[in-house]
file work.txt (compact mmCIF, C-alpha atoms and all ligand atoms)
# COMPACT_ATOMS: atom_id res chain seq x y z
CA MET U 1390 0.00 0.00 0.00
CA LYS U 1391 1.12 3.55 -0.69
CA ILE U 1392 0.39 6.76 1.19
CA SER U 1393 -1.02 9.95 -0.31
CA LEU U 1394 -1.49 13.46 1.13
CA SER U 1395 -4.63 15.55 0.50
CA ILE U 1396 -4.03 19.06 -0.81
CA SER U 1397 -6.22 21.76 -2.36
CA PRO U 1398 -5.89 25.14 -4.07
CA ASP U 1399 -9.23 26.03 -2.42
CA ASN U 1400 -9.98 26.93 1.16
CA PRO U 1401 -13.24 25.16 2.00
CA ARG U 1402 -14.09 25.81 5.64
CA GLY U 1403 -13.93 22.72 7.87
CA ALA U 1404 -12.88 20.43 4.99
CA PRO U 1405 -10.73 17.37 5.78
CA ILE U 1406 -7.81 18.43 3.61
CA ILE U 1407 -4.38 18.67 5.20
CA PHE U 1408 -2.96 21.49 3.06
CA LYS U 1409 -5.50 23.99 1.69
CA ASN U 1410 -5.53 27.44 0.15
CA GLY U 1411 -2.76 26.74 -2.36
CA LEU U 1412 -0.90 23.70 -3.65
CA ALA U 1413 2.75 24.76 -3.44
CA HIS U 1414 3.38 24.21 0.28
CA GLY U 1415 1.53 20.86 0.29
CA ILE U 1416 3.56 19.62 -2.68
CA THR U 1417 6.84 20.66 -1.06
CA GLN U 1418 5.88 19.05 2.24
CA ALA U 1419 4.62 15.84 0.63
CA ALA U 1420 7.95 15.45 -1.16
CA ALA U 1421 10.07 16.45 1.86
CA LEU U 1422 8.27 14.06 4.21
CA GLY U 1423 8.36 11.18 1.71
CA TYR U 1424 4.72 10.70 0.72
CA ASP U 1425 4.18 8.46 -2.28
CA ALA U 1426 1.62 10.78 -3.93
CA VAL U 1427 -0.81 13.63 -3.45
CA GLU U 1428 -4.60 13.67 -3.63
CA LEU U 1429 -6.01 16.81 -5.23
CA HIS U 1430 -9.30 18.40 -4.17
CA ILE U 1431 -10.24 20.97 -6.80
CA HIS U 1432 -13.60 22.66 -7.03
CA ASP U 1433 -13.06 24.91 -10.08
CA LEU U 1434 -11.53 22.22 -12.26
CA TRP U 1435 -11.40 24.50 -15.31
CA THR U 1436 -8.97 26.90 -13.58
CA ILE U 1437 -6.18 24.32 -13.35
CA ASP U 1438 -3.20 24.60 -15.68
CA ALA U 1439 -2.69 20.85 -15.95
CA ASP U 1440 0.64 21.06 -17.78
CA ALA U 1441 2.16 23.45 -15.24
CA LEU U 1442 0.88 21.42 -12.29
CA ARG U 1443 2.11 18.17 -13.83
CA ALA U 1444 5.56 19.70 -14.29
CA GLN U 1445 5.58 20.94 -10.69
CA LEU U 1446 4.62 17.50 -9.37
CA HIS U 1447 7.09 15.77 -11.67
CA ALA U 1448 9.90 17.95 -10.31
CA HIS U 1449 9.04 16.60 -6.86
CA HIS U 1450 8.63 12.99 -8.12
CA LEU U 1451 5.02 12.97 -6.93
CA PRO U 1452 2.24 11.15 -8.77
CA VAL U 1453 -1.41 12.03 -8.16
CA SER U 1454 -3.32 9.23 -6.41
CA SER U 1455 -6.77 10.70 -6.98
CA ILE U 1456 -8.67 13.87 -7.81
CA GLY U 1457 -11.92 15.00 -6.20
CA PRO U 1458 -14.09 17.83 -7.57
CA GLY U 1459 -14.83 19.28 -4.14
CA LEU U 1460 -18.57 19.15 -4.78
CA VAL U 1461 -19.22 18.33 -1.16
CA TYR U 1462 -17.71 21.67 -0.11
CA GLY U 1463 -19.12 23.91 -2.79
CA GLY U 1464 -22.83 24.72 -2.41
CA ASP U 1465 -23.47 23.16 -5.84
CA THR U 1466 -27.08 22.60 -6.80
CA PHE U 1467 -26.87 19.99 -9.54
CA SER U 1468 -27.24 16.23 -9.07
CA PHE U 1469 -28.07 13.01 -10.92
CA ALA U 1470 -31.30 12.66 -8.91
CA ASP U 1471 -32.75 16.02 -9.99
CA ALA U 1472 -36.13 16.05 -11.77
CA ASP U 1473 -34.89 18.66 -14.25
CA ALA U 1474 -32.97 17.09 -17.16
CA ARG U 1475 -30.96 20.31 -17.64
CA VAL U 1476 -29.74 20.15 -14.06
CA ARG U 1477 -28.77 16.50 -14.49
CA GLN U 1478 -26.93 17.48 -17.67
CA GLN U 1479 -24.96 20.08 -15.69
CA ALA U 1480 -23.96 17.38 -13.23
CA LEU U 1481 -22.88 15.10 -16.08
CA GLU U 1482 -20.84 17.84 -17.72
CA ARG U 1483 -19.09 18.55 -14.46
CA ILE U 1484 -18.12 14.91 -14.01
CA HIS U 1485 -16.95 14.70 -17.63
CA LEU U 1486 -14.66 17.67 -16.99
CA HIS U 1487 -13.44 15.93 -13.86
CA ILE U 1488 -12.69 12.71 -15.76
CA ASP U 1489 -10.89 14.69 -18.49
CA LEU U 1490 -8.61 16.23 -15.85
CA CYS U 1491 -7.98 12.82 -14.27
CA GLN U 1492 -6.97 11.47 -17.67
CA LYS U 1493 -4.33 14.21 -17.96
CA PHE U 1494 -2.84 13.14 -14.63
CA GLY U 1495 -3.29 9.38 -15.20
CA THR U 1496 -5.25 9.16 -12.00
CA MET U 1497 -8.49 8.10 -10.38
CA ALA U 1498 -11.64 10.25 -10.18
CA MET U 1499 -13.33 10.37 -6.77
CA VAL U 1500 -17.09 10.54 -7.18
CA GLY U 1501 -19.25 11.25 -4.15
CA VAL U 1502 -22.29 13.40 -3.55
CA VAL U 1503 -23.03 14.16 -7.23
CA HIS U 1504 -25.83 11.56 -7.06
CA GLY U 1505 -27.73 13.92 -4.74
CA ASN U 1506 -30.33 13.15 -2.08
CA VAL U 1507 -33.40 11.03 -2.67
CA SER U 1508 -37.00 11.46 -1.51
CA HIS U 1509 -38.60 9.64 1.42
CA ASP U 1510 -41.59 8.92 -0.86
CA ALA U 1511 -41.04 5.40 -2.21
CA GLU U 1512 -42.22 6.02 -5.79
CA THR U 1513 -40.26 9.28 -6.17
CA ARG U 1514 -37.23 7.57 -4.70
CA ARG U 1515 -37.56 4.69 -7.21
CA ILE U 1516 -37.54 7.18 -10.10
CA GLN U 1517 -34.57 9.06 -8.64
CA MET U 1518 -32.60 5.86 -8.08
CA ALA U 1519 -33.22 4.89 -11.71
CA ARG U 1520 -31.92 8.29 -12.85
CA ILE U 1521 -28.86 7.95 -10.64
CA ALA U 1522 -28.15 4.46 -12.00
CA GLU U 1523 -28.53 5.67 -15.58
CA HIS U 1524 -26.05 8.53 -15.06
CA MET U 1525 -23.66 6.29 -13.17
CA ARG U 1526 -23.63 3.97 -16.20
CA GLU U 1527 -22.97 6.98 -18.44
CA ILE U 1528 -20.04 8.32 -16.41
CA ASP U 1529 -18.66 4.79 -16.02
CA ALA U 1530 -18.68 4.41 -19.82
CA TYR U 1531 -17.14 7.88 -20.28
CA ALA U 1532 -14.42 7.02 -17.74
CA GLY U 1533 -13.74 3.71 -19.49
CA ALA U 1534 -13.40 5.43 -22.85
CA HIS U 1535 -10.85 7.82 -21.30
CA GLY U 1536 -8.86 5.17 -19.41
CA VAL U 1537 -9.91 6.55 -16.01
CA THR U 1538 -11.16 4.61 -12.98
CA LEU U 1539 -13.98 6.07 -10.89
CA ALA U 1540 -13.72 5.68 -7.12
CA LEU U 1541 -17.32 5.80 -5.90
CA GLU U 1542 -17.36 6.96 -2.29
CA ALA U 1543 -19.71 5.73 0.44
CA ILE U 1544 -20.47 8.94 2.38
CA ASN U 1545 -22.19 9.26 5.74
CA ARG U 1546 -25.87 10.17 6.27
CA TYR U 1547 -25.17 13.75 7.37
CA GLU U 1548 -23.84 14.57 3.90
CA THR U 1549 -26.13 12.45 1.69
CA ASN U 1550 -29.12 10.19 2.31
CA CYS U 1551 -28.15 7.40 -0.11
CA PHE U 1552 -25.12 5.23 -0.85
CA ASN U 1553 -23.82 5.44 2.70
CA ARG U 1554 -22.38 1.92 3.07
CA ALA U 1555 -20.01 -0.44 1.30
CA GLU U 1556 -22.74 -2.97 0.46
CA GLU U 1557 -24.75 -0.26 -1.36
CA MET U 1558 -21.69 0.61 -3.45
CA VAL U 1559 -21.14 -3.06 -4.34
CA ALA U 1560 -24.80 -3.36 -5.39
CA LEU U 1561 -24.56 -0.17 -7.49
CA ILE U 1562 -21.51 -1.50 -9.31
CA GLN U 1563 -22.74 -5.04 -9.80
CA GLU U 1564 -26.36 -4.27 -10.72
CA ASN U 1565 -25.26 -1.73 -13.32
CA ASP U 1566 -22.26 -3.67 -14.55
CA LEU U 1567 -19.98 -0.68 -13.95
CA ARG U 1568 -16.65 -1.82 -15.37
CA SER U 1569 -14.54 1.29 -14.79
CA SER U 1570 -15.75 1.97 -11.25
CA GLY U 1571 -14.45 0.84 -7.90
CA ILE U 1572 -15.27 1.75 -4.33
CA LEU U 1573 -13.79 4.48 -2.16
CA LEU U 1574 -14.06 3.69 1.53
CA ASP U 1575 -13.34 6.44 4.05
CA ASN U 1576 -12.58 5.55 7.68
CA PHE U 1577 -14.56 8.55 8.91
CA HIS U 1578 -17.72 7.58 7.02
CA MET U 1579 -17.36 3.88 7.82
CA ASN U 1580 -17.02 4.68 11.51
CA ILE U 1581 -20.46 6.35 11.36
CA GLU U 1582 -22.29 4.00 9.01
CA GLU U 1583 -20.90 0.48 9.15
CA VAL U 1584 -21.62 -2.21 11.74
CA SER U 1585 -17.99 -3.29 11.38
CA ILE U 1586 -15.31 -1.40 9.48
CA GLN U 1587 -13.40 -4.61 8.84
CA ASP U 1588 -16.48 -6.37 7.44
CA ALA U 1589 -17.19 -3.34 5.21
CA ILE U 1590 -13.68 -3.64 3.78
CA ARG U 1591 -14.26 -7.35 3.16
CA THR U 1592 -17.62 -6.54 1.53
CA ALA U 1593 -15.93 -4.09 -0.86
CA GLY U 1594 -13.28 -6.74 -1.52
CA LYS U 1595 -11.95 -6.71 -5.06
CA HIS U 1596 -13.97 -3.57 -5.84
CA LEU U 1597 -11.97 -1.45 -3.38
CA ALA U 1598 -10.19 1.24 -5.42
CA LEU U 1599 -9.16 3.83 -2.82
CA VAL U 1600 -9.14 4.38 0.94
CA HIS U 1601 -9.47 7.69 2.78
CA PHE U 1602 -7.41 7.14 5.87
CA SER U 1603 -8.15 9.32 8.88
CA ASP U 1604 -9.00 8.56 12.50
CA SER U 1605 -12.37 8.51 14.35
CA ASN U 1606 -12.30 12.28 14.87
CA ARG U 1607 -11.18 12.87 11.28
CA TRP U 1608 -7.79 13.99 12.54
CA TYR U 1609 -4.61 12.36 11.14
CA PRO U 1610 -4.30 8.56 11.61
CA GLY U 1611 -3.26 7.88 15.19
CA ALA U 1612 -4.99 10.93 16.67
CA GLY U 1613 -8.27 9.18 17.49
CA HIS U 1614 -9.58 5.83 18.69
CA LEU U 1615 -9.99 3.69 15.56
CA ASP U 1616 -8.12 0.39 15.51
CA LEU U 1617 -6.08 1.42 12.49
CA PRO U 1618 -3.56 -1.47 12.70
CA ALA U 1619 -6.54 -3.88 12.43
CA ILE U 1620 -7.89 -1.92 9.45
CA VAL U 1621 -4.49 -2.16 7.75
CA ARG U 1622 -4.42 -5.91 8.43
CA THR U 1623 -7.87 -6.33 6.86
CA LEU U 1624 -6.87 -4.30 3.82
CA ARG U 1625 -3.87 -6.56 3.43
CA GLU U 1626 -6.07 -9.64 3.91
CA ILE U 1627 -8.29 -8.66 0.94
CA GLY U 1628 -5.21 -8.00 -1.19
CA TYR U 1629 -5.61 -4.22 -1.33
CA ALA U 1630 -2.46 -2.64 -2.76
CA GLY U 1631 -3.72 0.87 -3.54
CA TYR U 1632 -3.40 4.19 -1.78
CA LEU U 1633 -4.22 5.18 1.76
CA ALA U 1634 -5.02 8.84 1.11
CA LEU U 1635 -4.76 10.99 4.23
CA GLU U 1636 -7.93 13.00 3.81
CA ALA U 1637 -7.92 14.44 7.32
CA LEU U 1638 -8.47 17.71 9.12
CA PRO U 1639 -5.42 19.98 9.24
CA LEU U 1640 -5.22 19.69 13.02
CA PRO U 1641 -3.58 20.61 15.30
CA ASP U 1642 -1.84 22.22 12.29
CA PRO U 1643 -1.17 21.01 8.73
CA ASP U 1644 2.54 20.27 9.18
CA THR U 1645 1.99 18.17 12.32
CA ALA U 1646 -0.96 16.31 10.76
CA ALA U 1647 1.07 15.51 7.62
CA ARG U 1648 4.15 14.41 9.56
CA LYS U 1649 2.51 12.36 12.33
CA GLY U 1650 -0.09 10.86 9.99
CA LEU U 1651 2.65 9.60 7.69
CA GLU U 1652 4.85 8.33 10.56
CA ASN U 1653 2.00 6.36 12.14
CA THR U 1654 0.66 4.94 8.88
CA ARG U 1655 4.12 3.85 7.79
CA ARG U 1656 4.65 2.11 11.12
CA TRP U 1657 1.42 0.10 10.73
CA LEU U 1658 2.27 -0.77 7.13
CA ALA U 1659 5.69 -2.04 8.22
CA THR U 1660 4.34 -4.48 10.83
C1 LIG N 1701 -16.58 14.05 2.09
O1 LIG N 1701 -16.91 13.92 3.42
C2 LIG N 1701 -15.45 13.20 1.72
O2 LIG N 1701 -15.16 12.24 2.40
C3 LIG N 1701 -14.64 13.52 0.54
O3 LIG N 1701 -13.93 12.41 0.11
C4 LIG N 1701 -15.38 14.17 -0.56
O4 LIG N 1701 -14.50 14.86 -1.39
MN MN N 1702 -13.55 10.90 1.84

call {"tool": "encode", "arguments": {"input": "work.txt", "output": "structure tokens", "more": "lines below"}}
Ligand code: LER
Ligand code: MN
result
Amino acid sequence: MKISLSISPDNPRGAPIIFKNGLAHGITQAAALGYDAVELHIHDLWTIDADALRAQLHAHHLPVSSIGPGLVYGGDTFSFADADARVRQQALERIHLHIDLCQKFGTMAMVGVVHGNVSHDAETRRIQMARIAEHMREIDAYAGAHGVTLALEAINRYETNCFNRAEEMVALIQENDLRSSGILLDNFHMNIEEVSIQDAIRTAGKHLALVHFSDSNRWYPGAGHLDLPAIVRTLREIGYAGYLALEALPLPDPDTAARKGLENTRRWLAT
């Protein structure tokens, strides 16, 4: 397994990103500390000069593990569940742009809350779920055509009211035959939603594409009360060899979170 550091040019308040408000310091620190890669959280995808950023990362020997479009932080109004086809189209276009950027970096696209929330009314919910499935199939096909893997994230109930658990992600992938999509499991969300984090990892199994690795309080790994060595053992048990991306709060300060999070995670990976 490899370790990645979350960084963002944006400054979303309260977001679990270790270095925010500019990429330069995060890139320098990731390289200096010895991270294997960086994870980019970028809301305004169209503002990124991909060639310049690629050159900057290359100079620091840092690949990009994953890119997220920051939709969860942005006050965006579009979603795949929306009744208005124009709004759904906006959501699709945004994810296409996201996949295009991922292709330029040869990396994975994190897809989360773009599906939107669904109604409590059963019939409305059925229609919305069908729309979501249809658009998931479309973005999966678009990703496949561009050589990009989608990492579909199970996110907790306080951020979205559907697709909260690993088993729902597996069903989404299998029922829709999504061939370019895997699952993104995040310790913070699993700690809220899953009966057992280790069983959730086993449920994701071969579909697991990416892990967001923070502690119970969403601080850096080792700063809370999750049994992270056991989580690492379970990841190893299912044959996971991808990234542990430290998507964590920049607390007590970004430098400490980046340094201690890496030290602790490396220690567990070495045992
Ligand atoms: C949101 O809580 C989250 O976990 C992120 O991965 C979304 O970008
Ligand atoms: Mn996450």

call {"tool": "residues_around", "arguments": {"input": "work.txt", "residues": "Phe1577 of chain U", "least_positions_apart": "4", "cutoff": "12 Å", "atoms": "only C-alpha atoms", "output": "PyMOL selection string"}}
result
chain U and resi 1405+1542-1547+1553-1554+1573+1581-1583+1586+1600-1610+1613-1615+1617+1635-1638

call {"tool": "residues_around", "arguments": {"input": "work.txt", "residues": "segment 1435-1443 of chain U", "least_positions_apart": "5", "cutoff": "8 Å", "atoms": "all atoms listed in the file", "output": "list in words"}}
result
Leu1486, Leu1490, Lys1493 and Phe1494 of chain U

call {"tool": "closest_residue", "arguments": {"input": "work.txt", "among": "U:Ile1488, U:Met1579, U:Leu1658, U:Leu1561", "to": "ligand MN 1702 (chain N)", "atoms": "all atoms listed in the file"}}
result
U:Met1579

call {"tool": "closest_residue", "arguments": {"input": "work.txt", "among": "U:Arg1515, U:His1596, U:His1524, U:His1447", "to": "Gln1478 of chain U", "atoms": "all atoms listed in the file"}}
result
U:His1524

call {"tool": "residues_near_ligand", "arguments": {"input": "work.txt", "ligand": "ligand LIG 1701 (chain N)", "cutoff": "6 Å", "atoms": "all atoms listed in the file", "output": "ChimeraX atom specification"}}
result
/U:1457,1459,1461

call {"tool": "atom_distance", "arguments": {"input": "work.txt", "atom1": "atom CA of Leu1567 of chain U", "atom2": "atom CA of Phe1552 of chain U"}}
result
15.3 Å

call {"tool": "axis_aligned_box", "arguments": {"input": "work.txt", "around": "segment 1642-1659 of chain U", "padding_each_side": "4 Å", "output": "AutoDock Vina command-line options"}}
result
--center_x 1.9 --center_y 10.1 --center_z 9.7 --size_x 15.5 --size_y 32.3 --size_z 13.2

call {"tool": "closest_residue", "arguments": {"input": "work.txt", "among": "U:Phe1467, U:Tyr1462, U:Tyr1531, U:Tyr1629", "to": "ligand MN 1702 (chain N)", "atoms": "only C-alpha atoms and all ligand atoms"}}
result
U:Tyr1462

call {"tool": "atom_distance", "arguments": {"input": "work.txt", "atom1": "atom CA of Glu1557 of chain U", "atom2": "atom CA of Ser1569 of chain U"}}
result
16.9 Å

call {"tool": "closest_residue", "arguments": {"input": "work.txt", "among": "U:Val1559, U:Ala1420, U:Leu1451, U:Leu1599", "to": "ligand MN 1702 (chain N)", "atoms": "all atoms listed in the file"}}
result
U:Leu1599

call {"tool": "closest_residue", "arguments": {"input": "work.txt", "among": "U:Pro1639, U:Gly1594, U:Pro1618, U:Gly1501", "to": "ligand MN 1702 (chain N)", "atoms": "all atoms listed in the file"}}
result
U:Gly1501

call {"tool": "decode", "arguments": {"input": "work.txt", "residues": "segment 1475-1515 of chain U", "atoms": "N, CA and C atoms", "output": "PDB file, in the first residue's frame"}}
result
ATOM      1  N   ARG U1475     -32.068  19.358 -17.414  1.00  0.00           N
ATOM      2  CA  ARG U1475     -30.961  20.313 -17.642  1.00  0.00           C
ATOM      3  C   ARG U1475     -30.007  20.328 -16.461  1.00  0.00           C
ATOM      4  N   VAL U1476     -30.566  20.174 -15.277  1.00  0.00           N
ATOM      5  CA  VAL U1476     -29.739  20.149 -14.064  1.00  0.00           C
ATOM      6  C   VAL U1476     -28.898  18.867 -14.030  1.00  0.00           C
ATOM      7  N   ARG U1477     -29.527  17.756 -14.443  1.00  0.00           N
ATOM      8  CA  ARG U1477     -28.772  16.495 -14.494  1.00  0.00           C
ATOM      9  C   ARG U1477     -27.653  16.596 -15.525  1.00  0.00           C
ATOM     10  N   GLN U1478     -27.934  17.290 -16.630  1.00  0.00           N
ATOM     11  CA  GLN U1478     -26.931  17.481 -17.671  1.00  0.00           C
ATOM     12  C   GLN U1478     -25.736  18.275 -17.133  1.00  0.00           C
ATOM     13  N   GLN U1479     -26.037  19.291 -16.316  1.00  0.00           N
ATOM     14  CA  GLN U1479     -24.963  20.076 -15.693  1.00  0.00           C
ATOM     15  C   GLN U1479     -24.074  19.179 -14.839  1.00  0.00           C
ATOM     16  N   ALA U1480     -24.717  18.296 -14.086  1.00  0.00           N
ATOM     17  CA  ALA U1480     -23.961  17.378 -13.228  1.00  0.00           C
ATOM     18  C   ALA U1480     -23.079  16.465 -14.075  1.00  0.00           C
ATOM     19  N   LEU U1481     -23.646  15.979 -15.189  1.00  0.00           N
ATOM     20  CA  LEU U1481     -22.878  15.102 -16.081  1.00  0.00           C
ATOM     21  C   LEU U1481     -21.675  15.835 -16.666  1.00  0.00           C
ATOM     22  N   GLU U1482     -21.928  17.071 -17.106  1.00  0.00           N
ATOM     23  CA  GLU U1482     -20.837  17.838 -17.722  1.00  0.00           C
ATOM     24  C   GLU U1482     -19.709  18.075 -16.725  1.00  0.00           C
ATOM     25  N   ARG U1483     -20.105  18.321 -15.479  1.00  0.00           N
ATOM     26  CA  ARG U1483     -19.093  18.552 -14.457  1.00  0.00           C
ATOM     27  C   ARG U1483     -18.228  17.303 -14.238  1.00  0.00           C
ATOM     28  N   ILE U1484     -18.880  16.146 -14.225  1.00  0.00           N
ATOM     29  CA  ILE U1484     -18.118  14.910 -14.009  1.00  0.00           C
ATOM     30  C   ILE U1484     -17.271  14.574 -15.247  1.00  0.00           C
ATOM     31  N   HIS U1485     -17.771  14.913 -16.422  1.00  0.00           N
ATOM     32  CA  HIS U1485     -16.948  14.696 -17.626  1.00  0.00           C
ATOM     33  C   HIS U1485     -15.672  15.531 -17.556  1.00  0.00           C
ATOM     34  N   LEU U1486     -15.816  16.785 -17.148  1.00  0.00           N
ATOM     35  CA  LEU U1486     -14.658  17.672 -16.987  1.00  0.00           C
ATOM     36  C   LEU U1486     -13.672  17.086 -15.975  1.00  0.00           C
ATOM     37  N   HIS U1487     -14.222  16.556 -14.925  1.00  0.00           N
ATOM     38  CA  HIS U1487     -13.438  15.933 -13.857  1.00  0.00           C
ATOM     39  C   HIS U1487     -12.660  14.731 -14.414  1.00  0.00           C
ATOM     40  N   ILE U1488     -13.344  13.888 -15.181  1.00  0.00           N
ATOM     41  CA  ILE U1488     -12.687  12.709 -15.760  1.00  0.00           C
ATOM     42  C   ILE U1488     -11.598  13.145 -16.747  1.00  0.00           C
ATOM     43  N   ASP U1489     -11.895  14.184 -17.531  1.00  0.00           N
ATOM     44  CA  ASP U1489     -10.891  14.687 -18.491  1.00  0.00           C
ATOM     45  C   ASP U1489      -9.616  15.100 -17.752  1.00  0.00           C
ATOM     46  N   LEU U1490      -9.790  15.785 -16.622  1.00  0.00           N
ATOM     47  CA  LEU U1490      -8.615  16.231 -15.850  1.00  0.00           C
ATOM     48  C   LEU U1490      -7.863  15.017 -15.291  1.00  0.00           C
ATOM     49  N   CYS U1491      -8.615  14.030 -14.810  1.00  0.00           N
ATOM     50  CA  CYS U1491      -7.978  12.819 -14.268  1.00  0.00           C
ATOM     51  C   CYS U1491      -7.165  12.104 -15.355  1.00  0.00           C
ATOM     52  N   GLN U1492      -7.696  12.112 -16.559  1.00  0.00           N
ATOM     53  CA  GLN U1492      -6.972  11.470 -17.669  1.00  0.00           C
ATOM     54  C   GLN U1492      -5.610  12.142 -17.871  1.00  0.00           C
ATOM     55  N   LYS U1493      -5.593  13.488 -17.775  1.00  0.00           N
ATOM     56  CA  LYS U1493      -4.330  14.210 -17.965  1.00  0.00           C
ATOM     57  C   LYS U1493      -3.298  13.847 -16.904  1.00  0.00           C
ATOM     58  N   PHE U1494      -3.762  13.477 -15.711  1.00  0.00           N
ATOM     59  CA  PHE U1494      -2.843  13.140 -14.628  1.00  0.00           C
ATOM     60  C   PHE U1494      -2.681  11.625 -14.464  1.00  0.00           C
ATOM     61  N   GLY U1495      -3.354  10.845 -15.316  1.00  0.00           N
ATOM     62  CA  GLY U1495      -3.295   9.384 -15.205  1.00  0.00           C
ATOM     63  C   GLY U1495      -3.747   8.906 -13.845  1.00  0.00           C
ATOM     64  N   THR U1496      -4.832   9.480 -13.362  1.00  0.00           N
ATOM     65  CA  THR U1496      -5.246   9.158 -11.995  1.00  0.00           C
ATOM     66  C   THR U1496      -6.736   8.858 -11.887  1.00  0.00           C
ATOM     67  N   MET U1497      -7.133   8.526 -10.685  1.00  0.00           N
ATOM     68  CA  MET U1497      -8.494   8.099 -10.385  1.00  0.00           C
ATOM     69  C   MET U1497      -9.402   9.296 -10.080  1.00  0.00           C
ATOM     70  N   ALA U1498     -10.674   9.188 -10.469  1.00  0.00           N
ATOM     71  CA  ALA U1498     -11.641  10.252 -10.178  1.00  0.00           C
ATOM     72  C   ALA U1498     -12.512   9.849  -8.993  1.00  0.00           C
ATOM     73  N   MET U1499     -12.482  10.659  -7.941  1.00  0.00           N
ATOM     74  CA  MET U1499     -13.331  10.373  -6.775  1.00  0.00           C
ATOM     75  C   MET U1499     -14.715  10.954  -7.048  1.00  0.00           C
ATOM     76  N   VAL U1500     -15.719  10.098  -6.915  1.00  0.00           N
ATOM     77  CA  VAL U1500     -17.086  10.540  -7.177  1.00  0.00           C
ATOM     78  C   VAL U1500     -17.907  10.302  -5.911  1.00  0.00           C
ATOM     79  N   GLY U1501     -18.509  11.379  -5.405  1.00  0.00           N
ATOM     80  CA  GLY U1501     -19.253  11.252  -4.155  1.00  0.00           C
ATOM     81  C   GLY U1501     -20.669  11.738  -4.276  1.00  0.00           C
ATOM     82  N   VAL U1502     -20.910  12.927  -3.741  1.00  0.00           N
ATOM     83  CA  VAL U1502     -22.287  13.399  -3.555  1.00  0.00           C
ATOM     84  C   VAL U1502     -23.005  13.842  -4.826  1.00  0.00           C
ATOM     85  N   VAL U1503     -22.378  13.702  -6.006  1.00  0.00           N
ATOM     86  CA  VAL U1503     -23.031  14.155  -7.230  1.00  0.00           C
ATOM     87  C   VAL U1503     -24.361  13.422  -7.473  1.00  0.00           C
ATOM     88  N   HIS U1504     -24.532  12.245  -6.871  1.00  0.00           N
ATOM     89  CA  HIS U1504     -25.827  11.559  -7.056  1.00  0.00           C
ATOM     90  C   HIS U1504     -26.970  12.335  -6.418  1.00  0.00           C
ATOM     91  N   GLY U1505     -26.685  13.125  -5.379  1.00  0.00           N
ATOM     92  CA  GLY U1505     -27.728  13.920  -4.744  1.00  0.00           C
ATOM     93  C   GLY U1505     -28.476  13.150  -3.665  1.00  0.00           C
ATOM     94  N   ASN U1506     -29.487  13.784  -3.100  1.00  0.00           N
ATOM     95  CA  ASN U1506     -30.329  13.149  -2.081  1.00  0.00           C
ATOM     96  C   ASN U1506     -31.593  12.621  -2.746  1.00  0.00           C
ATOM     97  N   VAL U1507     -32.164  11.588  -2.124  1.00  0.00           N
ATOM     98  CA  VAL U1507     -33.405  11.029  -2.673  1.00  0.00           C
ATOM     99  C   VAL U1507     -34.567  11.249  -1.701  1.00  0.00           C
ATOM    100  N   SER U1508     -35.773  11.178  -2.268  1.00  0.00           N
ATOM    101  CA  SER U1508     -36.997  11.458  -1.508  1.00  0.00           C
ATOM    102  C   SER U1508     -37.328  10.333  -0.527  1.00  0.00           C
ATOM    103  N   HIS U1509     -38.113  10.670   0.489  1.00  0.00           N
ATOM    104  CA  HIS U1509     -38.603   9.636   1.417  1.00  0.00           C
ATOM    105  C   HIS U1509     -39.830   8.942   0.829  1.00  0.00           C
ATOM    106  N   ASP U1510     -40.449   9.545  -0.179  1.00  0.00           N
ATOM    107  CA  ASP U1510     -41.590   8.921  -0.858  1.00  0.00           C
ATOM    108  C   ASP U1510     -41.064   7.795  -1.767  1.00  0.00           C
ATOM    109  N   ALA U1511     -41.599   6.589  -1.561  1.00  0.00           N
ATOM    110  CA  ALA U1511     -41.036   5.401  -2.214  1.00  0.00           C
ATOM    111  C   ALA U1511     -41.036   5.499  -3.739  1.00  0.00           C
ATOM    112  N   GLU U1512     -42.127   5.981  -4.331  1.00  0.00           N
ATOM    113  CA  GLU U1512     -42.218   6.023  -5.786  1.00  0.00           C
ATOM    114  C   GLU U1512     -41.246   7.070  -6.359  1.00  0.00           C
ATOM    115  N   THR U1513     -41.200   8.243  -5.712  1.00  0.00           N
ATOM    116  CA  THR U1513     -40.262   9.280  -6.172  1.00  0.00           C
ATOM    117  C   THR U1513     -38.825   8.769  -6.049  1.00  0.00           C
ATOM    118  N   ARG U1514     -38.578   8.094  -4.940  1.00  0.00           N
ATOM    119  CA  ARG U1514     -37.231   7.565  -4.703  1.00  0.00           C
ATOM    120  C   ARG U1514     -36.854   6.539  -5.786  1.00  0.00           C
ATOM    121  N   ARG U1515     -37.827   5.692  -6.175  1.00  0.00           N
ATOM    122  CA  ARG U1515     -37.562   4.687  -7.211  1.00  0.00           C
ATOM    123  C   ARG U1515     -37.138   5.371  -8.519  1.00  0.00           C
TER     124      ARG U1515
END
